[in-house]
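Note: the block below is model_14.cif and it holds mmCIF, C-alpha atoms and all ligand atoms.
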data_protein
loop_
_atom_site.label_atom_id
_atom_site.label_comp_id
_atom_site.auth_asym_id
_atom_site.auth_seq_id
_atom_site.Cartn_x
_atom_site.Cartn_y
_atom_site.Cartn_z
CA MET G 1 -12.34 -5.25 -2.50
CA LEU G 2 -13.74 -7.00 -5.54
CA ILE G 3 -17.07 -5.52 -6.47
CA LYS G 4 -19.40 -8.27 -5.36
CA LYS G 5 -22.82 -8.37 -3.78
CA ALA G 6 -22.70 -8.88 0.00
CA ALA G 7 -24.12 -12.39 -0.33
CA ASP G 8 -21.27 -13.31 -2.69
CA ILE G 9 -18.51 -12.36 -0.28
CA PRO G 10 -17.08 -15.45 1.36
CA SER G 11 -16.20 -14.83 4.99
CA SER G 12 -12.65 -15.81 4.06
CA GLU G 13 -12.31 -12.45 2.34
CA ILE G 14 -13.09 -10.66 5.56
CA THR G 15 -11.64 -12.94 8.22
CA PRO G 16 -8.10 -14.26 7.88
CA LYS G 17 -8.21 -18.03 7.52
CA GLY G 18 -5.21 -18.87 9.61
CA LEU G 19 -2.14 -17.55 11.28
CA TYR G 20 0.30 -19.69 9.44
CA LEU G 21 1.42 -20.10 5.90
CA ASN G 22 -1.24 -22.13 4.13
CA ARG G 23 0.97 -24.59 2.32
CA ARG G 24 -1.66 -25.77 -0.12
CA LYS G 25 -2.41 -22.21 -1.26
CA PHE G 26 1.27 -21.36 -1.38
CA VAL G 27 2.01 -24.29 -3.64
CA ALA G 28 -0.98 -23.39 -5.82
CA GLY G 29 0.30 -19.81 -6.00
CA THR G 30 3.73 -20.95 -7.10
CA ALA G 31 2.20 -23.22 -9.74
CA LEU G 32 0.14 -20.28 -11.00
CA ALA G 33 3.27 -18.15 -11.22
CA SER G 34 4.91 -20.79 -13.38
CA ALA G 35 1.80 -21.07 -15.54
CA ALA G 36 1.65 -17.29 -15.87
CA ALA G 37 5.30 -17.16 -16.86
CA VAL G 38 4.82 -19.84 -19.50
CA ALA G 39 1.69 -18.11 -20.83
CA ALA G 40 3.63 -14.86 -21.13
CA GLY G 41 6.53 -16.61 -22.86
CA VAL G 42 8.83 -15.78 -19.96
CA GLY G 43 11.19 -18.46 -18.77
CA LEU G 44 11.28 -18.83 -15.01
CA HIS G 45 15.06 -18.45 -15.08
CA GLU G 46 14.49 -15.02 -16.62
CA MET G 47 12.10 -14.07 -13.85
CA ALA G 48 14.48 -15.29 -11.17
CA SER G 49 17.97 -14.24 -12.19
CA PRO G 50 19.71 -13.88 -8.82
CA SER G 51 21.15 -10.44 -9.50
CA SER G 52 17.75 -9.01 -10.32
CA VAL G 53 15.46 -10.38 -7.63
CA ALA G 54 14.64 -8.27 -4.61
CA GLN G 55 16.75 -8.68 -1.54
CA ALA G 56 13.86 -9.35 0.81
CA ASN G 57 15.30 -10.48 4.16
CA THR G 58 18.38 -8.27 3.70
CA LYS G 59 18.90 -6.25 6.86
CA ILE G 60 18.73 -2.46 6.57
CA ASP G 61 21.51 -0.63 8.45
CA ASN G 62 21.35 2.46 10.65
CA ILE G 63 17.61 2.47 11.24
CA GLN G 64 16.50 5.16 13.69
CA LYS G 65 13.51 4.71 15.97
CA SER G 66 10.59 7.08 15.37
CA PRO G 67 8.52 8.95 17.95
CA PHE G 68 5.49 8.21 15.72
CA SER G 69 5.59 4.50 16.61
CA THR G 70 2.79 2.80 18.52
CA SER G 71 3.75 0.43 21.34
CA GLU G 72 0.94 -1.98 20.41
CA THR G 73 1.74 -5.63 19.76
CA ILE G 74 3.35 -6.11 16.37
CA THR G 75 1.55 -8.44 13.96
CA PRO G 76 3.63 -11.56 13.17
CA TYR G 77 5.76 -11.23 10.02
CA LYS G 78 4.29 -14.40 8.54
CA ASP G 79 0.79 -12.91 8.60
CA VAL G 80 1.83 -9.59 7.07
CA THR G 81 3.71 -11.39 4.29
CA ASN G 82 1.13 -14.07 3.48
CA TYR G 83 -2.15 -12.17 3.53
CA ASN G 84 -1.87 -9.32 1.03
CA ASN G 85 -4.01 -7.13 -1.17
CA TYR G 86 -2.02 -6.85 -4.38
CA TYR G 87 -4.33 -7.10 -7.36
CA GLU G 88 -1.51 -6.92 -9.90
CA PHE G 89 -0.71 -10.45 -8.76
CA SER G 90 -4.05 -11.82 -7.59
CA SER G 91 -7.30 -10.86 -5.91
CA ASP G 92 -6.81 -13.86 -3.59
CA LYS G 93 -4.95 -12.52 -0.55
CA TYR G 94 -3.01 -15.75 -0.06
CA GLU G 95 -1.51 -15.69 -3.55
CA PRO G 96 0.73 -12.58 -3.91
CA ALA G 97 3.37 -14.17 -1.63
CA GLY G 98 3.94 -16.96 -4.16
CA LEU G 99 3.20 -15.06 -7.36
CA ALA G 100 5.45 -12.08 -6.55
CA LYS G 101 8.37 -14.23 -5.45
CA ASN G 102 10.51 -13.55 -8.53
CA PHE G 103 9.28 -10.03 -9.25
CA LYS G 104 12.24 -7.91 -10.46
CA THR G 105 12.76 -4.83 -8.30
CA ARG G 106 16.18 -3.86 -9.72
CA PRO G 107 17.01 -1.98 -11.83
CA TRP G 108 14.09 0.31 -10.90
CA THR G 109 13.56 3.98 -11.63
CA VAL G 110 10.97 6.45 -10.39
CA THR G 111 9.88 9.36 -12.60
CA ILE G 112 9.27 12.55 -10.64
CA ASP G 113 7.50 15.13 -12.77
CA GLY G 114 4.62 17.57 -13.19
CA GLN G 115 4.39 20.93 -11.42
CA ILE G 116 7.89 20.95 -9.92
CA LYS G 117 11.20 22.67 -10.60
CA LYS G 118 13.33 19.51 -10.47
CA LYS G 119 11.79 16.98 -12.87
CA GLN G 120 13.94 13.86 -12.88
CA VAL G 121 14.12 10.11 -13.22
CA LEU G 122 15.76 8.68 -10.12
CA ASP G 123 17.14 5.26 -9.40
CA VAL G 124 15.24 3.76 -6.49
CA ASP G 125 18.48 3.29 -4.55
CA THR G 126 19.17 7.02 -4.86
CA ILE G 127 15.75 7.71 -3.34
CA ILE G 128 16.29 5.20 -0.54
CA LYS G 129 19.55 6.94 0.39
CA MET G 130 18.00 10.44 0.48
CA ALA G 131 17.34 10.40 4.23
CA THR G 132 18.00 8.37 7.36
CA PRO G 133 15.75 5.30 7.47
CA GLU G 134 13.32 5.26 10.36
CA GLU G 135 11.34 2.42 11.87
CA ARG G 136 7.72 3.48 12.20
CA VAL G 137 5.45 1.02 13.95
CA TYR G 138 2.07 1.97 12.49
CA ARG G 139 -1.45 0.64 12.77
CA HIS G 140 -2.68 -0.07 9.25
CA ARG G 141 -6.43 -0.57 8.62
CA CYS G 142 -7.77 -2.16 5.45
CA VAL G 143 -11.15 -0.96 4.17
CA GLU G 144 -12.34 -4.57 4.38
CA GLY G 145 -12.18 -4.61 8.17
CA TRP G 146 -8.83 -6.18 9.06
CA SER G 147 -5.86 -4.36 10.53
CA ILE G 148 -2.18 -4.96 11.21
CA VAL G 149 0.59 -3.35 13.27
CA VAL G 150 3.83 -3.26 11.29
CA PRO G 151 7.32 -1.88 11.91
CA TRP G 152 7.69 -0.24 8.48
CA VAL G 153 11.05 1.25 7.44
CA GLY G 154 11.31 4.45 5.41
CA PHE G 155 11.18 8.19 5.84
CA SER G 156 8.63 10.95 5.44
CA LEU G 157 7.46 11.48 1.88
CA SER G 158 8.05 15.20 2.52
CA GLU G 159 11.81 14.53 2.19
CA LEU G 160 11.33 13.56 -1.45
CA ILE G 161 8.83 16.34 -2.12
CA LYS G 162 11.14 19.02 -0.73
CA ARG G 163 13.90 17.87 -3.09
CA ALA G 164 11.49 17.95 -6.07
CA ASP G 165 10.89 21.64 -5.32
CA PRO G 166 7.16 21.92 -6.13
CA LEU G 167 5.75 24.99 -7.88
CA PRO G 168 2.90 26.85 -6.16
CA LYS G 169 0.53 25.20 -8.69
CA ALA G 170 1.27 21.74 -7.25
CA LYS G 171 -1.84 21.03 -5.17
CA PHE G 172 -1.90 17.21 -5.37
CA VAL G 173 0.49 14.30 -5.79
CA GLU G 174 -0.38 11.31 -7.96
CA PHE G 175 1.43 7.97 -7.64
CA SER G 176 1.48 5.15 -10.20
CA THR G 177 2.42 1.48 -9.88
CA LEU G 178 4.50 -0.39 -12.45
CA MET G 179 2.60 -1.72 -15.46
CA ASP G 180 4.13 -5.03 -16.54
CA LEU G 181 1.91 -7.75 -17.96
CA ARG G 182 4.78 -10.22 -18.08
CA GLN G 183 5.50 -10.02 -14.39
CA MET G 184 2.15 -9.10 -12.94
CA PRO G 185 -0.41 -11.72 -13.99
CA GLY G 186 -3.31 -9.85 -12.37
CA GLN G 187 -2.89 -7.03 -14.89
CA ARG G 188 -4.12 -9.36 -17.62
CA SER G 189 -7.53 -9.32 -15.97
CA ARG G 190 -9.89 -6.35 -16.16
CA VAL G 191 -10.63 -6.59 -12.43
CA LEU G 192 -9.25 -3.03 -12.02
CA GLU G 193 -8.05 -0.36 -14.42
CA TRP G 194 -4.27 -0.47 -14.77
CA PRO G 195 -1.88 0.90 -13.78
CA TYR G 196 -2.96 1.24 -10.16
CA VAL G 197 -2.95 4.95 -9.28
CA GLU G 198 -3.42 6.84 -6.03
CA GLY G 199 -3.32 10.42 -4.89
CA LEU G 200 -2.93 12.74 -1.94
CA ARG G 201 -3.61 16.42 -1.41
CA MET G 202 -0.32 18.30 -1.05
CA ASP G 203 -0.77 19.03 2.68
CA GLU G 204 -1.54 15.35 3.31
CA ALA G 205 1.53 14.31 1.35
CA MET G 206 3.67 16.77 3.34
CA HIS G 207 2.36 15.53 6.70
CA PRO G 208 5.27 13.89 8.57
CA LEU G 209 3.23 10.70 9.14
CA ALA G 210 3.01 9.98 5.38
CA LEU G 211 5.73 7.38 4.94
CA LEU G 212 7.72 6.56 1.82
CA CYS G 213 8.53 2.97 2.64
CA PHE G 214 11.16 0.48 1.46
CA GLY G 215 11.44 -1.94 4.36
CA MET G 216 9.71 -3.68 7.23
CA TYR G 217 10.75 -5.65 10.32
CA GLY G 218 14.27 -4.20 9.86
CA GLU G 219 14.66 -5.73 6.40
CA VAL G 220 14.13 -4.89 2.73
CA LEU G 221 10.42 -4.92 1.83
CA PRO G 222 9.20 -8.29 0.52
CA ASN G 223 7.77 -8.13 -3.01
CA GLN G 224 4.21 -8.95 -1.93
CA ASP G 225 4.27 -5.97 0.46
CA GLY G 226 5.17 -3.48 -2.27
CA ALA G 227 8.91 -3.60 -3.00
CA PRO G 228 10.91 -1.71 -3.89
CA LEU G 229 9.00 1.43 -2.85
CA ARG G 230 5.48 2.00 -1.51
CA MET G 231 3.49 4.49 0.49
CA VAL G 232 2.11 3.90 4.00
CA ILE G 233 -0.53 6.45 5.01
CA PRO G 234 -1.56 5.22 8.46
CA TRP G 235 -4.67 7.38 8.92
CA LYS G 236 -6.22 6.24 5.64
CA TYR G 237 -7.66 2.92 4.50
CA GLY G 238 -4.98 0.55 3.20
CA PHE G 239 -5.78 1.00 -0.49
CA LYS G 240 -4.29 4.53 -0.40
CA SER G 241 -0.92 2.93 0.41
CA ILE G 242 0.14 2.21 -3.15
CA LYS G 243 2.82 -0.40 -3.86
CA ALA G 244 5.68 -0.69 -6.41
CA ILE G 245 5.75 3.03 -7.26
CA VAL G 246 7.27 4.09 -10.61
CA ARG G 247 5.94 7.64 -10.88
CA VAL G 248 5.31 10.57 -8.55
CA HIS G 249 3.47 13.28 -10.46
CA PHE G 250 2.56 16.73 -9.11
CA THR G 251 -0.66 18.28 -10.42
CA ASP G 252 -2.94 21.26 -9.91
CA SER G 253 -6.11 19.13 -9.93
CA GLN G 254 -7.31 16.17 -7.86
CA PRO G 255 -6.00 12.96 -9.43
CA SER G 256 -8.19 9.90 -9.86
CA ASN G 257 -7.54 6.85 -7.72
CA THR G 258 -8.01 3.26 -8.77
CA TRP G 259 -10.67 2.10 -6.29
CA ASN G 260 -12.69 5.28 -6.81
CA ILE G 261 -12.63 4.66 -10.59
CA SER G 262 -13.75 1.09 -9.95
CA ALA G 263 -16.62 1.86 -7.54
CA PRO G 264 -17.09 5.59 -6.92
CA SER G 265 -19.98 5.14 -4.50
CA GLU G 266 -17.89 2.83 -2.30
CA TYR G 267 -14.37 4.30 -2.31
CA GLY G 268 -13.66 8.03 -2.19
CA PHE G 269 -10.56 10.10 -2.76
CA TYR G 270 -9.92 10.91 0.91
CA SER G 271 -10.66 7.49 2.42
CA ASN G 272 -9.74 8.55 5.93
CA VAL G 273 -10.40 5.78 8.42
CA ASN G 274 -13.77 6.78 9.88
CA PRO G 275 -15.88 4.53 12.14
CA HIS G 276 -18.87 6.89 11.63
CA VAL G 277 -19.07 6.47 7.85
CA ASP G 278 -20.02 2.94 6.84
CA HIS G 279 -19.04 1.37 3.58
CA PRO G 280 -22.31 0.94 1.61
CA ARG G 281 -22.06 -2.83 2.13
CA TRP G 282 -20.62 -3.11 5.64
CA SER G 283 -19.99 -1.23 8.89
CA GLN G 284 -16.62 0.42 9.50
CA ALA G 285 -17.16 0.68 13.27
CA THR G 286 -14.95 -2.29 14.18
CA GLU G 287 -11.98 -4.21 12.85
CA ARG G 288 -10.20 -7.50 13.40
CA ARG G 289 -6.46 -7.41 13.88
CA LEU G 290 -4.72 -10.24 12.01
CA GLY G 291 -3.87 -12.87 14.58
CA GLU G 292 -6.72 -11.94 16.94
CA PHE G 293 -10.22 -13.31 17.21
CA ARG G 294 -11.99 -10.53 19.10
CA LYS G 295 -13.03 -7.46 17.14
CA ARG G 296 -11.87 -4.05 18.37
CA PRO G 297 -13.39 -0.62 17.80
CA THR G 298 -12.02 1.34 14.85
CA LEU G 299 -10.72 4.79 15.76
CA MET G 300 -11.24 8.05 13.88
CA PHE G 301 -8.22 8.62 11.61
CA ASN G 302 -7.13 5.17 12.80
CA GLY G 303 -6.13 6.88 16.07
CA TYR G 304 -3.78 9.37 14.36
CA ASP G 305 -5.49 12.48 15.75
CA GLN G 306 -2.59 14.70 14.74
CA VAL G 307 -3.98 14.78 11.16
CA ALA G 308 -7.43 16.06 12.19
CA SER G 309 -6.51 19.69 11.48
CA LEU G 310 -5.92 18.83 7.80
CA TYR G 311 -9.66 18.30 7.49
CA SER G 312 -11.10 21.01 9.72
CA GLY G 313 -14.20 22.50 8.12
CA MET G 314 -14.64 19.57 5.73
CA ASP G 315 -17.72 17.36 5.76
CA LEU G 316 -16.06 13.96 6.08
CA LYS G 317 -19.34 12.14 5.32
CA LYS G 318 -19.43 13.83 1.91
CA ASN G 319 -15.67 13.68 1.42
CA PHE G 320 -15.37 9.99 2.35
N1 LIG G 401 -1.04 -1.17 -4.39
C1 LIG G 401 -1.13 -1.74 -5.60
N2 LIG G 401 -0.31 -1.34 -6.57
N3 LIG G 401 -2.03 -2.74 -5.85
C2 LIG G 401 -2.92 -3.16 -4.90
O1 LIG G 401 -3.74 -4.06 -5.18
N4 LIG G 401 -3.73 -2.91 -2.61
C3 LIG G 401 -3.95 -1.91 -1.56
C4 LIG G 401 -2.62 -1.34 -1.04
N5 LIG G 401 -1.75 -1.01 -2.15
C5 LIG G 401 -2.87 -2.56 -3.63
C6 LIG G 401 -1.88 -1.57 -3.38
C7 LIG G 401 -4.72 -2.42 -0.43
S1 LIG G 401 -6.39 -2.66 -0.71
C8 LIG G 401 -4.17 -2.66 0.79
S2 LIG G 401 -5.14 -3.08 2.13
C9 LIG G 401 -2.71 -2.58 1.02
O2 LIG G 401 -2.00 -2.30 -0.20
C10 LIG G 401 -2.20 -3.88 1.57
O3 LIG G 401 -0.83 -3.81 1.89
P1 LIG G 401 -0.12 -5.10 2.54
O4 LIG G 401 -0.31 -6.23 1.57
O5 LIG G 401 1.33 -4.75 2.69
O6 LIG G 401 -0.80 -5.37 3.83
#
Will you turn the file into structure tokens for me?
Ligand code: MTE
Amino acid sequence: MLIKKAADIPSSEITPKGLYLNRRKFVAGTALASAAAVAAGVGLHEMASPSSVAQANTKIDNIQKSPFSTSETITPYKDVTNYNNYYEFSSDKYEPAGLAKNFKTRPWTVTIDGQIKKKQVLDVDTIIKMATPEERVYRHRCVEGWSIVVPWVGFSLSELIKRADPLPKAKFVEFSTLMDLRQMPGQRSRVLEWPYVEGLRMDEAMHPLALLCFGMYGEVLPNQDGAPLRMVIPWKYGFKSIKAIVRVHFTDSQPSNTWNISAPSEYGFYSNVNPHVDHPRWSQATERRLGEFRKRPTLMFNGYDQVASLYSGMDLKKNF
């Protein structure tokens, strides 16, 4: 999603290069992580203390199946964990897997504030235990034209919102990602404004499909996929699904969102998947699923028709 002219975009940024872990890139990523740690004056041992690193690969117990799941073929784990958009680590999709390896996800708190009755700072593990974890197999479509099908684990964001007890003034929810120059080397570059922020209208946030996510494939979320807590909004382009959330803020006015700040003519606030509204530099009519060669048509709302009523009466060309 770097702001480049069409001619500058290597096809590798649009088409996944391979279906396997690219060892050369992985090694380069790890070397970069070490270099970044040294540059920041952080010893690697400090980044990797065993008690503080995320428990990716730890199984999550008592996961319920969700009626919202698609029965489409699930994208292989190795693709979903080695091809990531996570600009806090790198704008190269093959690098977050290596660079985020020792990212500390505990202790971790989330500030919940703004136009609500129950302002509080919650430990992430308290949030995770708020409701029964569900497996939701969702299609997830990136604005750049690739898509994945992932068995995410989490529960509806509405569970958290209900407990925050919003005031009538709360019309929008704004999310922020951690700001940490020592751990997130990408934040030392001005490629985006930091911290990464995203927002939803209150009725979107309350829709049962909006998933507060802390796991995938039955296990704790890997760092490169947004541990310890991220959003997954399956009817919107992937950039709305913010990773590593540290703040959930309720407001009466529409919050700004990172990609809209970066390129307002290219990325809107709503960003609903819409095959009829092209990105100024490419068509949104088709997509390529990671692991497949053939392109497939992109569906309105990414096929999640149950959200259509949220937008009735709105001009979705204007409100892209
Ligand atoms: N969240 C943060 N904090 N930083 C990011 O760079 N990238 C977004 C989104 N959330 C991003 C983010 C984009 S563009 C996409 S497509 C998805 O994360 C990718 O999620 P995945 O790596 O789990 O597939």
Neighbour list for G:Tyr87 as a ChimeraX atom specification, cut-off 8 Å, all atoms listed in the file, skip fewer than 4 positions in-chain: /G:91,186-187,192
Nearby residues (only C-alpha atoms) at most 6 Å from stretch 220-224 of chain G, same-chain spacing under 2 positions excluded, as a PyMOL selection string: chain G and resi 56-58+96-97+100+214-216+226-227
Limited to C-alpha atoms, could you put the picked residues into a file as an mmCIF file, in the frame of the given file?
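Listed below is the output, result_10.cif:
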data_model
loop_
_atom_site.group_PDB
_atom_site.id
_atom_site.type_symbol
_atom_site.label_atom_id
_atom_site.label_comp_id
_atom_site.auth_asym_id
_atom_site.auth_seq_id
_atom_site.Cartn_x
_atom_site.Cartn_y
_atom_site.Cartn_z
ATOM 1 C CA ALA G 56 13.860 -9.350 0.810
ATOM 2 C CA ASN G 57 15.300 -10.480 4.160
ATOM 3 C CA THR G 58 18.380 -8.270 3.700
ATOM 4 C CA PRO G 96 0.730 -12.580 -3.910
ATOM 5 C CA ALA G 97 3.370 -14.170 -1.630
ATOM 6 C CA ALA G 100 5.450 -12.080 -6.550
ATOM 7 C CA PHE G 214 11.160 0.480 1.460
ATOM 8 C CA GLY G 215 11.440 -1.940 4.360
ATOM 9 C CA MET G 216 9.710 -3.680 7.230
ATOM 10 C CA GLY G 226 5.170 -3.480 -2.270
ATOM 11 C CA ALA G 227 8.910 -3.600 -3.000
#
Taking all atoms of ligand LIG 401 (chain G) that the file lists, what box with edges along x, y and z, padded by 8 Å per side, do you get, with centre and edge lengths in Å to one decimal, as JSON?
{"center_x": -2.5, "center_y": -3.6, "center_z": -1.4, "size_x": 23.7, "size_y": 21.2, "size_z": 26.4}
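You can rank G:Val80, G:Val150, G:Met314, G:Met202 by their closest distance to ligand LIG 401 (chain G) using all atoms listed in the file, and at the top of that list sits G:Val80.
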Contact residues around stretch 234-243 of chain G with all atoms listed in the file at 6 Å, ignoring same-chain residues under 3 positions, as a list of chain:residue names: G:His140, G:Arg141, G:Cys142, G:Val143, G:Gly226, G:Arg230, G:Met231, G:Ser271, G:Asn272, G:Val273, G:Phe301, G:Asn302, G:Tyr304
Shell around G:Leu299 at 7 Å using all atoms listed in the file, local window under 3 positions removed, as a ChimeraX atom specification: /G:274-275,302-303
Atomic separation - atom CA of G:Val137 relative to atom CA of G:Ser71, Å: 7.6 Å
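Take atom CA of G:Phe172 and atom CA of G:Thr111: the distance between them is 15.9 Å.
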